[in-house]
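Below is my_file.cif, holding mmCIF, C-alpha atoms and all ligand atoms.
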data_upload
#
loop_
_atom_site.label_atom_id
_atom_site.label_comp_id
_atom_site.auth_asym_id
_atom_site.auth_seq_id
_atom_site.Cartn_x
_atom_site.Cartn_y
_atom_site.Cartn_z
CA MET S 798 -56.42 -10.01 89.59
CA ILE S 799 -53.77 -12.43 88.51
CA GLN S 800 -53.63 -15.37 90.81
CA ILE S 801 -50.98 -17.71 89.50
CA LEU S 802 -50.23 -20.79 91.45
CA LEU S 803 -46.51 -21.15 91.60
CA SER S 804 -46.52 -24.39 93.44
CA LEU S 805 -45.03 -26.18 90.54
CA ALA S 806 -41.57 -25.42 91.65
CA CYS S 807 -38.74 -26.68 89.54
CA THR S 808 -36.97 -28.04 92.59
CA THR S 809 -39.72 -30.47 93.37
CA PRO S 810 -39.47 -33.85 91.70
CA ARG S 811 -43.21 -33.94 91.07
CA ALA S 812 -43.09 -30.76 89.02
CA THR S 813 -43.98 -31.71 85.54
CA ASP S 814 -45.61 -28.54 84.32
CA SER S 815 -43.25 -26.72 82.05
CA SER S 816 -44.80 -23.32 82.62
CA VAL S 817 -42.29 -22.38 85.27
CA ASP S 818 -39.29 -23.95 83.67
CA SER S 819 -40.05 -22.29 80.42
CA LYS S 820 -40.69 -18.86 81.94
CA PRO S 821 -38.95 -16.25 79.85
CA SER S 822 -35.71 -15.13 81.35
CA GLY S 823 -36.76 -11.54 80.71
CA ASP S 824 -38.24 -11.45 84.22
CA SER S 825 -34.90 -10.33 85.54
CA ALA S 826 -36.30 -7.42 87.56
CA VAL S 827 -38.24 -9.77 89.72
CA HIS S 828 -35.31 -12.06 90.02
CA GLU S 829 -33.05 -9.26 91.17
CA SER S 830 -35.44 -8.23 93.88
CA ALA S 831 -35.52 -11.77 95.08
CA ASP S 832 -31.75 -11.79 95.29
CA SER S 833 -31.66 -8.72 97.44
CA ALA S 834 -34.69 -9.46 99.55
CA ASP S 835 -34.05 -13.02 100.53
CA SER S 836 -30.41 -13.63 101.13
CA ALA S 837 -31.23 -16.67 103.21
CA VAL S 838 -32.28 -18.42 100.09
CA ASP S 839 -29.28 -17.24 98.16
CA THR S 840 -26.81 -18.44 100.75
CA GLY S 841 -28.54 -21.63 101.63
CA PRO S 842 -27.37 -25.08 100.59
CA ALA S 843 -27.18 -25.38 96.85
CA PRO S 844 -29.97 -27.52 95.50
CA SER S 845 -28.64 -30.56 93.87
CA ASP S 846 -31.21 -30.79 91.18
CA SER S 847 -31.60 -29.05 87.90
CA ALA S 848 -32.82 -25.82 89.47
CA ASP S 849 -29.21 -24.64 89.60
CA SER S 850 -28.99 -24.42 85.91
CA GLY S 851 -32.64 -23.59 85.29
CA PRO S 852 -34.12 -20.27 84.30
CA ALA S 853 -34.67 -17.39 86.75
CA CYS S 854 -37.36 -17.98 89.37
CA PRO S 855 -39.78 -15.12 90.12
CA ASP S 856 -40.74 -14.51 93.71
CA ALA S 857 -43.74 -16.32 95.07
CA TYR S 858 -45.80 -15.35 98.10
CA ALA S 859 -47.58 -17.29 100.77
CA ASP S 860 -51.36 -17.11 101.04
CA LEU S 861 -52.00 -18.45 104.48
CA ASP S 862 -55.56 -17.16 104.73
CA GLY S 863 -56.47 -18.58 101.33
CA ASP S 864 -58.12 -15.45 99.99
CA GLY S 865 -56.17 -15.57 96.75
CA PHE S 866 -53.87 -12.67 97.66
CA GLY S 867 -50.28 -13.24 98.72
CA ASP S 868 -48.45 -11.90 101.72
CA PRO S 869 -45.83 -9.36 100.56
CA ALA S 870 -43.75 -10.14 103.63
CA SER S 871 -43.14 -13.70 102.51
CA PRO S 872 -41.25 -13.64 99.20
CA ARG S 873 -39.21 -16.57 98.21
CA PRO S 874 -38.10 -17.86 94.81
CA ALA S 875 -40.86 -19.84 93.26
CA CYS S 876 -38.41 -22.65 92.56
CA ASP S 877 -38.06 -23.21 96.32
CA ALA S 878 -41.70 -22.72 97.13
CA PRO S 879 -43.69 -25.83 97.87
CA GLY S 880 -47.42 -25.74 98.47
CA VAL S 881 -49.68 -22.88 97.44
CA TRP S 882 -47.63 -19.80 96.67
CA LEU S 883 -48.83 -16.92 94.56
CA ALA S 884 -47.32 -14.35 92.27
CA ASP S 885 -49.71 -11.83 93.86
CA HIS S 886 -48.39 -10.06 96.91
CA SER S 887 -51.05 -7.45 97.64
CA ASP S 888 -52.67 -8.88 100.79
CA CYS S 889 -52.32 -6.45 103.70
CA ASP S 890 -53.46 -9.07 106.22
CA ASP S 891 -52.65 -12.65 105.41
CA THR S 892 -54.28 -13.86 108.60
CA ASP S 893 -57.78 -12.74 107.60
CA ALA S 894 -59.49 -13.98 104.45
CA ALA S 895 -61.99 -11.10 104.63
CA VAL S 896 -59.21 -8.54 104.22
CA HIS S 897 -57.73 -8.15 100.74
CA PRO S 898 -57.72 -5.76 97.79
CA GLY S 899 -61.24 -5.31 96.54
CA ALA S 900 -62.89 -6.35 99.79
CA VAL S 901 -65.77 -4.21 101.05
CA GLU S 902 -64.60 -1.53 103.48
CA THR S 903 -66.51 -1.82 106.73
CA CYS S 904 -66.60 0.13 109.96
CA ASP S 905 -64.23 -1.80 112.17
CA GLY S 906 -61.15 0.36 112.62
CA ARG S 907 -59.25 -1.81 110.13
CA ASP S 908 -58.17 -1.43 106.54
CA ASN S 909 -60.38 -4.06 104.89
CA ASP S 910 -59.61 -3.34 101.24
CA CYS S 911 -55.85 -2.88 101.61
CA ASP S 912 -56.21 0.77 100.62
CA PRO S 913 -55.68 3.02 103.64
CA THR S 914 -57.22 5.96 101.78
CA THR S 915 -60.70 4.38 101.66
CA PRO S 916 -62.71 6.23 104.34
CA GLU S 917 -64.59 4.46 107.12
CA GLU S 918 -66.34 7.62 108.20
CA GLY S 919 -70.09 7.41 107.89
CA LEU S 920 -70.16 3.61 107.82
CA ALA S 921 -71.87 1.35 110.32
CA THR S 922 -71.38 -2.38 110.64
CA TRP S 923 -73.09 -5.11 112.57
CA SER S 924 -71.15 -8.30 113.19
CA ALA S 925 -72.55 -11.45 114.73
CA ASP S 926 -70.76 -13.64 117.20
CA ASP S 927 -69.94 -16.14 114.45
CA GLY S 928 -67.84 -13.49 112.67
CA SER S 929 -70.29 -12.74 109.87
CA PHE S 930 -70.99 -9.08 109.36
CA SER S 931 -73.41 -6.77 107.59
CA ASP S 932 -73.14 -3.23 106.40
CA VAL S 933 -75.97 -1.50 108.28
CA THR S 934 -75.07 2.02 107.20
CA SER S 935 -78.29 2.65 105.30
CA VAL S 936 -80.44 1.34 108.15
CA LEU S 937 -78.80 3.43 110.84
CA ALA S 938 -78.35 6.50 108.71
CA ALA S 939 -82.13 6.74 108.31
CA GLY S 940 -82.42 8.52 111.66
CA THR S 941 -82.52 12.29 111.74
CA ALA S 942 -82.34 14.86 114.51
CA GLU S 943 -86.11 15.33 114.19
CA ALA S 944 -86.88 11.61 113.94
CA PRO S 945 -84.12 9.48 115.48
CA LEU S 946 -84.14 5.83 114.51
CA ALA S 947 -85.73 3.72 117.26
CA MET S 948 -84.32 0.26 117.03
CA ALA S 949 -84.02 -2.94 119.06
CA LEU S 950 -80.51 -4.34 118.89
CA ASP S 951 -79.78 -7.95 118.01
CA ASP S 952 -76.88 -9.73 119.66
CA GLY S 953 -73.50 -8.84 118.26
CA THR S 954 -71.20 -5.89 117.77
CA TRP S 955 -72.56 -2.66 116.39
CA SER S 956 -69.80 -0.41 115.09
CA PHE S 957 -70.28 3.25 114.27
CA CYS S 958 -67.68 5.21 112.31
CA GLY S 959 -67.34 8.98 112.32
CA GLY S 960 -70.15 11.47 112.21
CA THR S 961 -73.41 11.71 114.16
CA TRP S 962 -75.92 8.87 114.25
CA TYR S 963 -79.44 9.84 115.37
CA VAL S 964 -80.64 6.76 117.20
CA GLN S 965 -82.52 5.56 120.27
CA VAL S 966 -81.42 1.96 120.61
CA ASP S 967 -82.74 -0.70 122.90
CA ALA S 968 -81.04 -3.86 124.14
CA GLU S 969 -83.31 -6.35 125.85
CA GLN S 970 -81.75 -9.50 127.35
CA SER S 971 -79.11 -9.28 124.65
CA THR S 972 -75.36 -9.54 124.43
CA VAL S 973 -74.48 -6.38 122.59
CA ALA S 974 -71.34 -4.34 122.04
CA LEU S 975 -71.56 -0.75 120.84
CA VAL S 976 -68.24 0.48 119.48
CA GLY S 977 -67.30 3.84 118.02
CA TYR S 978 -64.46 4.88 115.75
CA GLU S 979 -63.23 8.27 114.64
CA GLY S 980 -65.29 10.23 117.15
CA ALA S 981 -68.67 8.69 116.40
CA VAL S 982 -71.64 10.23 118.21
CA LEU S 983 -74.98 8.62 119.06
CA ASP S 984 -77.48 11.46 119.34
CA GLY S 985 -80.93 10.95 120.83
CA GLY S 986 -82.36 13.97 119.09
CA GLY S 987 -83.64 15.30 122.40
CA SER S 988 -86.68 13.03 122.36
CA GLY S 989 -85.70 9.75 124.07
CA THR S 990 -83.03 7.77 125.88
CA VAL S 991 -80.08 7.13 123.56
CA VAL S 992 -79.22 3.63 124.83
CA THR S 993 -81.71 1.61 126.89
CA VAL S 994 -80.55 -1.67 128.38
CA ARG S 995 -83.37 -3.90 129.64
CA GLY S 996 -81.29 -6.80 130.89
CA GLY S 997 -78.49 -8.70 129.22
CA THR S 998 -74.86 -7.73 128.84
CA VAL S 999 -73.98 -4.57 127.00
CA SER S 1000 -70.67 -2.81 126.44
CA VAL S 1001 -70.17 0.71 125.13
CA ALA S 1002 -66.73 1.85 123.99
CA ASP S 1003 -65.24 4.89 122.30
CA LEU S 1004 -68.58 6.59 121.70
CA GLU S 1005 -70.28 9.83 122.65
CA LEU S 1006 -73.90 9.52 123.84
CA ARG S 1007 -75.48 12.92 123.49
CA ASP S 1008 -78.68 14.89 123.44
CA GLY S 1009 -80.94 12.22 124.87
CA GLU S 1010 -84.13 12.91 126.80
CA GLY S 1011 -84.67 10.31 129.49
CA SER S 1012 -87.60 8.08 128.56
CA TYR S 1013 -86.91 5.04 130.75
CA ALA S 1014 -89.42 4.43 133.54
CA THR S 1015 -88.23 2.47 136.56
CA SER S 1016 -90.22 -0.44 137.94
CA SER S 1017 -91.01 1.71 140.97
CA GLY S 1018 -92.59 4.23 138.67
CA ALA S 1019 -89.91 6.84 139.15
CA GLY S 1020 -88.71 8.73 136.17
CA PRO S 1021 -88.64 8.87 133.32
CA GLY S 1022 -84.89 9.00 133.35
CA GLY S 1023 -81.51 8.18 131.86
CA GLY S 1024 -81.07 10.61 128.99
CA GLY S 1025 -77.85 9.08 127.71
CA LEU S 1026 -78.10 5.53 128.99
CA ALA S 1027 -80.55 3.68 131.21
CA CYS S 1028 -79.79 0.28 132.59
CA GLY S 1029 -82.13 -1.87 134.60
CA GLU S 1030 -83.54 -5.27 135.46
CA GLY S 1031 -80.38 -7.25 136.15
CA ALA S 1032 -78.37 -5.88 133.25
CA THR S 1033 -74.59 -5.76 133.19
CA VAL S 1034 -73.16 -2.72 131.44
CA THR S 1035 -69.52 -1.90 130.76
CA ILE S 1036 -68.54 1.55 129.56
CA ASP S 1037 -65.07 2.41 128.33
CA ALA S 1038 -63.55 5.61 126.96
CA THR S 1039 -66.96 7.06 126.31
CA GLY S 1040 -68.57 10.46 126.78
CA ILE S 1041 -72.12 10.92 128.04
CA SER S 1042 -72.90 14.58 127.65
CA ALA S 1043 -75.61 17.17 127.15
CA ASN S 1044 -78.42 14.76 127.98
CA HIS S 1045 -81.48 15.61 130.07
CA ALA S 1046 -84.03 13.72 132.14
CA GLU S 1047 -86.29 14.11 135.13
CA ILE S 1048 -84.05 11.61 136.97
CA GLY S 1049 -80.50 10.76 135.94
CA GLY S 1050 -79.77 13.26 133.18
CA GLY S 1051 -76.87 11.26 131.75
CA LEU S 1052 -77.30 7.84 133.36
CA LEU S 1053 -80.03 5.98 135.20
CA VAL S 1054 -79.11 2.80 137.04
CA GLU S 1055 -81.80 0.50 138.38
CA ASP S 1056 -80.88 -2.96 139.66
CA CYS S 1057 -77.98 -3.02 137.23
CA THR S 1058 -74.26 -3.64 137.49
CA LEU S 1059 -72.48 -0.84 135.69
CA SER S 1060 -68.71 -0.46 135.40
CA ALA S 1061 -67.31 2.61 133.67
CA THR S 1062 -63.66 3.31 132.93
CA ASP S 1063 -62.51 6.59 131.43
CA LEU S 1064 -66.08 7.83 131.27
CA ASP S 1065 -66.62 11.55 130.76
CA LEU S 1066 -70.03 12.33 132.26
CA ALA S 1067 -70.48 16.03 131.60
CA ASP S 1068 -72.99 18.81 131.04
CA ASN S 1069 -76.06 16.69 131.70
CA SER S 1070 -79.07 17.97 133.61
CA ALA S 1071 -82.04 16.65 135.56
CA THR S 1072 -84.31 17.36 138.49
CA TYR S 1073 -82.52 14.62 140.51
CA GLY S 1074 -79.05 13.38 139.60
CA GLY S 1075 -77.81 15.66 136.85
CA GLY S 1076 -75.08 13.25 135.75
CA MET S 1077 -76.40 9.97 137.14
CA TYR S 1078 -79.01 8.58 139.49
CA GLY S 1079 -79.07 5.10 140.99
CA PHE S 1080 -82.14 3.25 142.25
CA GLY S 1081 -80.36 0.02 143.06
CA GLY S 1082 -77.51 -2.08 141.77
CA ALA S 1083 -73.78 -1.50 141.83
CA THR S 1084 -72.00 1.22 139.88
CA THR S 1085 -68.25 1.73 139.63
CA PHE S 1086 -66.50 4.65 137.96
CA THR S 1087 -62.75 4.28 137.47
CA THR S 1088 -60.45 7.06 136.24
CA SER S 1089 -63.51 8.94 135.08
CA THR S 1090 -64.78 12.51 135.29
CA VAL S 1091 -68.16 13.80 136.40
CA ALA S 1092 -68.15 17.46 135.47
CA SER S 1093 -70.49 20.41 135.09
CA ASN S 1094 -73.71 18.49 135.52
CA VAL S 1095 -76.69 20.26 137.04
CA ALA S 1096 -79.64 19.06 139.13
CA GLU S 1097 -82.54 21.32 139.94
CA ILE S 1098 -83.10 19.68 143.33
CA SER S 1099 -80.43 17.20 144.45
CA GLY S 1100 -77.32 15.38 143.26
CA GLY S 1101 -75.83 17.76 140.74
CA GLY S 1102 -73.26 15.20 139.63
CA LEU S 1103 -74.52 11.96 141.15
CA GLY S 1104 -77.38 10.66 143.27
CA LEU S 1105 -78.30 7.41 144.97
CA GLU S 1106 -81.69 6.46 146.40
CA GLY S 1107 -81.36 3.64 148.91
CA THR S 1108 -84.97 3.25 150.00
CA TYR S 1109 -86.04 0.49 147.65
CA ALA S 1110 -82.98 -1.68 147.04
CA THR S 1111 -79.30 -1.99 147.82
CA VAL S 1112 -77.50 0.67 145.85
CA THR S 1113 -73.76 1.34 145.77
CA LEU S 1114 -71.44 3.68 143.92
CA ASP S 1115 -67.66 3.29 143.96
CA LEU S 1116 -65.63 6.22 142.69
CA VAL S 1117 -62.05 5.13 141.99
CA ASP S 1118 -59.63 7.89 141.00
CA THR S 1119 -62.63 9.74 139.63
CA ALA S 1120 -62.90 13.52 139.67
CA VAL S 1121 -66.31 14.98 140.48
CA THR S 1122 -65.99 18.67 139.68
CA ASP S 1123 -68.04 21.78 138.93
CA ASN S 1124 -71.43 20.16 139.41
CA SER S 1125 -74.30 22.01 141.07
CA ALA S 1126 -77.66 21.44 142.72
CA THR S 1127 -79.83 22.73 145.53
CA TYR S 1128 -78.75 19.83 147.80
CA GLY S 1129 -75.51 17.91 147.20
CA GLY S 1130 -73.68 19.65 144.38
CA GLY S 1131 -71.45 16.64 143.72
CA LEU S 1132 -73.38 13.74 145.24
CA VAL S 1133 -76.53 13.03 147.20
CA LEU S 1134 -77.06 9.86 149.24
CA TYR S 1135 -80.55 8.99 150.47
CA GLU S 1136 -81.41 6.31 153.03
CA ALA S 1137 -79.33 3.10 152.74
CA ALA S 1138 -77.21 4.31 149.83
CA VAL S 1139 -73.50 3.48 150.04
CA ALA S 1140 -70.77 5.36 148.19
CA THR S 1141 -67.01 5.12 148.30
CA CYS S 1142 -64.44 7.63 147.12
CA GLU S 1143 -60.99 6.19 146.63
CA GLY S 1144 -58.17 8.45 145.54
CA SER S 1145 -54.50 8.83 146.24
CA ALA S 1146 -52.02 11.59 146.93
CA THR S 1147 -51.11 11.66 143.26
CA THR S 1148 -54.59 11.78 141.74
CA ASP S 1149 -57.51 14.21 141.79
CA GLY S 1150 -59.97 11.56 142.84
CA GLY S 1151 -62.67 13.26 144.88
CA PHE S 1152 -64.89 16.33 144.89
CA ARG S 1153 -63.80 19.82 143.90
CA ARG S 1154 -65.56 23.05 142.97
CA ASN S 1155 -69.05 21.58 143.37
CA THR S 1156 -71.73 23.91 144.66
CA ALA S 1157 -75.09 23.64 146.41
CA THR S 1158 -77.39 26.56 146.81
CA SER S 1159 -78.64 25.03 150.07
CA ASP S 1160 -76.39 22.40 151.74
CA GLY S 1161 -73.70 19.87 150.86
CA GLY S 1162 -71.43 21.45 148.29
CA ALA S 1163 -69.67 18.13 147.67
CA VAL S 1164 -71.97 15.58 149.32
CA TYR S 1165 -75.38 15.67 151.00
CA LEU S 1166 -76.39 12.54 152.85
CA THR S 1167 -79.50 11.97 154.88
CA GLY S 1168 -81.60 9.07 156.03
CA GLY S 1169 -84.73 8.69 158.10
CA ASP S 1170 -85.30 4.95 158.27
CA PHE S 1171 -81.79 4.04 157.11
CA ASP S 1172 -78.23 5.27 157.48
CA PRO S 1173 -76.41 6.28 154.29
CA THR S 1174 -72.65 5.85 154.11
CA LEU S 1175 -69.83 7.66 152.38
CA ALA S 1176 -66.47 5.93 152.84
CA ALA S 1177 -63.58 8.10 151.70
CA THR S 1178 -60.03 6.88 151.21
CA SER S 1179 -57.47 9.53 150.31
CA CYS S 1180 -60.38 11.40 148.72
CA ASP S 1181 -60.03 15.06 147.74
CA PHE S 1182 -62.58 17.57 149.02
CA GLY S 1183 -60.81 20.62 147.65
CA SER S 1184 -58.86 23.33 149.37
CA PHE S 1185 -58.61 27.10 148.95
CA GLY S 1186 -58.86 27.52 145.23
CA ASP S 1187 -61.05 24.54 144.40
CA ASP S 1188 -63.14 23.97 147.49
CA ASN S 1189 -66.77 22.93 147.38
CA SER S 1190 -69.40 25.42 148.50
CA PRO S 1191 -70.90 25.68 151.03
CA ALA S 1192 -69.24 23.15 153.40
CA ASP S 1193 -68.08 19.92 151.81
CA VAL S 1194 -70.25 17.25 153.41
CA TYR S 1195 -73.69 17.76 154.96
CA THR S 1196 -75.07 15.11 157.34
CA ASN S 1197 -77.95 14.92 159.81
CA ALA S 1198 -75.34 15.72 162.48
CA GLY S 1199 -74.08 18.84 160.77
CA ALA S 1200 -71.79 20.02 158.00
CA TYR S 1201 -68.10 19.25 157.62
CA ARG S 1202 -65.28 21.09 155.94
CA LEU S 1203 -62.72 18.63 154.65
CA ALA S 1204 -59.36 18.95 152.91
CA ASP S 1205 -57.67 16.89 150.20
CA ASP S 1206 -56.62 13.26 150.60
CA VAL S 1207 -59.05 12.64 153.42
CA THR S 1208 -59.77 9.18 154.82
CA LEU S 1209 -62.97 8.91 156.89
CA THR S 1210 -66.54 7.67 156.90
CA CYS S 1211 -69.65 9.85 156.90
CA SER S 1212 -73.14 8.78 157.95
CA ASN S 1213 -76.18 10.26 159.70
CA ALA S 1214 -74.00 10.63 162.80
CA GLY S 1215 -71.45 12.80 160.96
CA CYS S 1216 -67.97 12.27 159.50
CA ARG S 1217 -65.24 10.52 161.47
CA CA S 1301 -53.94 -14.00 101.66
CA CA S 1302 -56.23 -11.49 103.74
CA CA S 1303 -62.55 -0.90 107.99
#

Starting from the file, lay out its structure as structure tokens.
Ligand SMILES: [Ca+2]
Ligand SMILES: [Ca+2]
Ligand SMILES: [Ca+2]
Amino acid sequence: MIQILLSLACTTPRATDSSVDSKPSGDSAVHESADSADSAVDTGPAPSDSADSGPACPDAYADLDGDGFGDPASPRPACDAPGVWLADHSDCDDTDAAVHPGAVETCDGRDNDCDPTTPEEGLATWSADDGSFSDVTSVLAAGTAEAPLAMALDDGTWSFCGGTWYVQVDAEQSTVALVGYEGAVLDGGGSGTVVTVRGGTVSVADLELRDGEGSYATSSGAGPGGGGLACGEGATVTIDATGISANHAEIGGGLLVEDCTLSATDLDLADNSATYGGGMYGFGGATTFTTSTVASNVAEISGGGLGLEGTYATVTLDLVDTAVTDNSATYGGGLVLYEAAVATCEGSATTDGGFRRNTATSDGGAVYLTGGDFDPTLAATSCDFGSFGDDNSPADVYTNAGAYRLADDVTLTCSNAGCR
């Protein structure tokens, strides 16, 4: 690559190198493009020095990131260009020294080598907090459906591009981001939890967590659970634009939450199955789903879509503009609340937030709540419970005081004493 420093502009008094002044005038094509591209220079004040009568000046280009490749958006005649200006103008990002022609393409959703045709699919990258990064494609690609790669994650951002990655990853007291591009899938191979978070702060974005078999045991000994993702022991987990589907566990087919703060936005929790909590089960902690869907999950016993056990610790679930649909169980097709569990359903007249088309073979098509020593709570604000075509079956909410049929956009609170 030619990297010619054109800082020796003929307009600058200190220019003593004759290489620019003596440039052959045959470079007229470049000169013409400069005329047409940069009229500001052409119409600016006439330099008073010898540049007026000098030979044609080729364009020069800024290199603000210092990677040796110029910014094509910054042409100016070399004669007027002080500082470090280059003849090269092939840098597609002059704010990032790691991005230039010939750079290694990495999985980051960006064009690293200034060639948009270079594929990212099938690449995986790990980047540390200090900005350094490593191509970890060969490490992560070692997993197979029969033998998924079991791996503890170091701090940093793990990026997965395209394709299916057979992994069972583990974050323990770490600060980890898992990011997908181009429809990347993390597949547990049906033999373990796909993502286990044992403390720390973990984010998951733009990924699909699939085909996990819950292997996380809670501190109370319940489980194993959390086929797609298990979070426990004071962890903070953020999920965005991610699917958790086709996972299985004894408890929490897709998600298991134990003493964890989990916030999910645009989560698609679908087609998971378990004995308790087909989509998700919570044993403590605070979970929030915003503009998400919980669909077509199945529990053999209770909580087809979602379940909370409030015997051991404070456990809450807030459903904000989240649609819980087409889930099924024996008790609580959409949601089951045991003991001191607290759930909220917040919708609006213009959203489908709430419970529709969920079914229970026994009681509580949408929600089943029951407590012996404690009083579970469901607080609904403009929450849908379905109507003629998309009602839950049998009655919408089962409580110790009886079953309730509810309509759409309902605001009330249900507990052991009933819904009011
Ligand atoms: Ca540059
Ligand atoms: Ca660059
Ligand atoms: Ca890239």

Would you please work out which residue, of S:Thr1035, S:Thr1087, S:Ser1070, S:Ser887, is nearest to Asp860 (chain S) when using all atoms listed in the file?
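Among S:Thr1035, S:Thr1087, S:Ser1070, S:Ser887, it is S:Ser887 that comes nearest to Asp860 (chain S).
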
Give me, please, the distance in Å between CA of Met948 (chain S) and CA of Ala968 (chain S), quoted to one decimal.
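Interatomic distance here is 8.8 Å.
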
In terms of the shortest atom-to-atom distance over only C-alpha atoms and all ligand atoms, which of S:Val901, S:Cys889, S:Val1001, S:Leu861 is closest to ligand CA 1303 (chain S)?
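Result for the nearest residue to ligand CA 1303 (chain S): S:Val901.
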
Sorted by chain and rising residue number, list the residues of chain S at most 9 Å from ligand CA 1303 (chain S) (counting all atoms listed in the file), each with its closest atom pair and distance in Å to one decimal, as CSV.
residue,atom,partner,partner_atom,distance
S:Val901,CA,S:CA1303,CA,8.3
S:Glu902,CA,S:CA1303,CA,5.0
S:Thr903,CA,S:CA1303,CA,4.3
S:Cys904,CA,S:CA1303,CA,4.6
S:Asp905,CA,S:CA1303,CA,4.6
S:Gly906,CA,S:CA1303,CA,5.0
S:Arg907,CA,S:CA1303,CA,4.0
S:Asp908,CA,S:CA1303,CA,4.6
S:Asn909,CA,S:CA1303,CA,4.9
S:Asp910,CA,S:CA1303,CA,7.8
S:Thr915,CA,S:CA1303,CA,8.4
S:Pro916,CA,S:CA1303,CA,8.0
S:Glu917,CA,S:CA1303,CA,5.8
S:Leu920,CA,S:CA1303,CA,8.8

Mind running chain S against ligand CA 1301 (chain S) at 12 Å and telling me each contacting residue's nearest atom pair with the distance in Å (one decimal), counting all atoms listed in the file, chain and number ascending, as a Markdown table?
| residue | atom | partner | partner_atom | distance |
| --- | --- | --- | --- | --- |
| S:Gln800 | CA | S:CA1301 | CA | 10.9 |
| S:Tyr858 | CA | S:CA1301 | CA | 9.0 |
| S:Ala859 | CA | S:CA1301 | CA | 7.2 |
| S:Asp860 | CA | S:CA1301 | CA | 4.1 |
| S:Leu861 | CA | S:CA1301 | CA | 5.6 |
| S:Asp862 | CA | S:CA1301 | CA | 4.7 |
| S:Gly863 | CA | S:CA1301 | CA | 5.2 |
| S:Asp864 | CA | S:CA1301 | CA | 4.7 |
| S:Gly865 | CA | S:CA1301 | CA | 5.6 |
| S:Phe866 | CA | S:CA1301 | CA | 4.2 |
| S:Gly867 | CA | S:CA1301 | CA | 4.8 |
| S:Asp868 | CA | S:CA1301 | CA | 5.9 |
| S:Pro869 | CA | S:CA1301 | CA | 9.4 |
| S:Ala870 | CA | S:CA1301 | CA | 11.1 |
| S:Ser871 | CA | S:CA1301 | CA | 10.8 |
| S:Val881 | CA | S:CA1301 | CA | 10.7 |
| S:Trp882 | CA | S:CA1301 | CA | 9.9 |
| S:Leu883 | CA | S:CA1301 | CA | 9.2 |
| S:Ala884 | CA | S:CA1301 | CA | 11.5 |
| S:Asp885 | CA | S:CA1301 | CA | 9.1 |
| S:His886 | CA | S:CA1301 | CA | 8.3 |
| S:Ser887 | CA | S:CA1301 | CA | 8.2 |
| S:Asp888 | CA | S:CA1301 | CA | 5.3 |
| S:Cys889 | CA | S:CA1301 | CA | 8.0 |
| S:Asp890 | CA | S:CA1301 | CA | 6.7 |
| S:Asp891 | CA | S:CA1301 | CA | 4.2 |
| S:Thr892 | CA | S:CA1301 | CA | 6.9 |
| S:Asp893 | CA | S:CA1301 | CA | 7.2 |
| S:Ala894 | CA | S:CA1301 | CA | 6.2 |
| S:Ala895 | CA | S:CA1301 | CA | 9.1 |
| S:Val896 | CA | S:CA1301 | CA | 8.0 |
| S:His897 | CA | S:CA1301 | CA | 7.0 |
| S:Pro898 | CA | S:CA1301 | CA | 9.9 |
| S:Ala900 | CA | S:CA1301 | CA | 11.9 |
| S:Cys911 | CA | S:CA1301 | CA | 11.3 |

Just-selected residues, C-alpha atoms written as an mmCIF file, keeping the file's coordinate frame:
data_model
loop_
_atom_site.group_PDB
_atom_site.id
_atom_site.type_symbol
_atom_site.label_atom_id
_atom_site.label_comp_id
_atom_site.auth_asym_id
_atom_site.auth_seq_id
_atom_site.Cartn_x
_atom_site.Cartn_y
_atom_site.Cartn_z
ATOM 1 C CA GLN S 800 -53.630 -15.370 90.810
ATOM 2 C CA TYR S 858 -45.800 -15.350 98.100
ATOM 3 C CA ALA S 859 -47.580 -17.290 100.770
ATOM 4 C CA ASP S 860 -51.360 -17.110 101.040
ATOM 5 C CA LEU S 861 -52.000 -18.450 104.480
ATOM 6 C CA ASP S 862 -55.560 -17.160 104.730
ATOM 7 C CA GLY S 863 -56.470 -18.580 101.330
ATOM 8 C CA ASP S 864 -58.120 -15.450 99.990
ATOM 9 C CA GLY S 865 -56.170 -15.570 96.750
ATOM 10 C CA PHE S 866 -53.870 -12.670 97.660
ATOM 11 C CA GLY S 867 -50.280 -13.240 98.720
ATOM 12 C CA ASP S 868 -48.450 -11.900 101.720
ATOM 13 C CA PRO S 869 -45.830 -9.360 100.560
ATOM 14 C CA ALA S 870 -43.750 -10.140 103.630
ATOM 15 C CA SER S 871 -43.140 -13.700 102.510
ATOM 16 C CA VAL S 881 -49.680 -22.880 97.440
ATOM 17 C CA TRP S 882 -47.630 -19.800 96.670
ATOM 18 C CA LEU S 883 -48.830 -16.920 94.560
ATOM 19 C CA ALA S 884 -47.320 -14.350 92.270
ATOM 20 C CA ASP S 885 -49.710 -11.830 93.860
ATOM 21 C CA HIS S 886 -48.390 -10.060 96.910
ATOM 22 C CA SER S 887 -51.050 -7.450 97.640
ATOM 23 C CA ASP S 888 -52.670 -8.880 100.790
ATOM 24 C CA CYS S 889 -52.320 -6.450 103.700
ATOM 25 C CA ASP S 890 -53.460 -9.070 106.220
ATOM 26 C CA ASP S 891 -52.650 -12.650 105.410
ATOM 27 C CA THR S 892 -54.280 -13.860 108.600
ATOM 28 C CA ASP S 893 -57.780 -12.740 107.600
ATOM 29 C CA ALA S 894 -59.490 -13.980 104.450
ATOM 30 C CA ALA S 895 -61.990 -11.100 104.630
ATOM 31 C CA VAL S 896 -59.210 -8.540 104.220
ATOM 32 C CA HIS S 897 -57.730 -8.150 100.740
ATOM 33 C CA PRO S 898 -57.720 -5.760 97.790
ATOM 34 C CA ALA S 900 -62.890 -6.350 99.790
ATOM 35 C CA CYS S 911 -55.850 -2.880 101.610
#
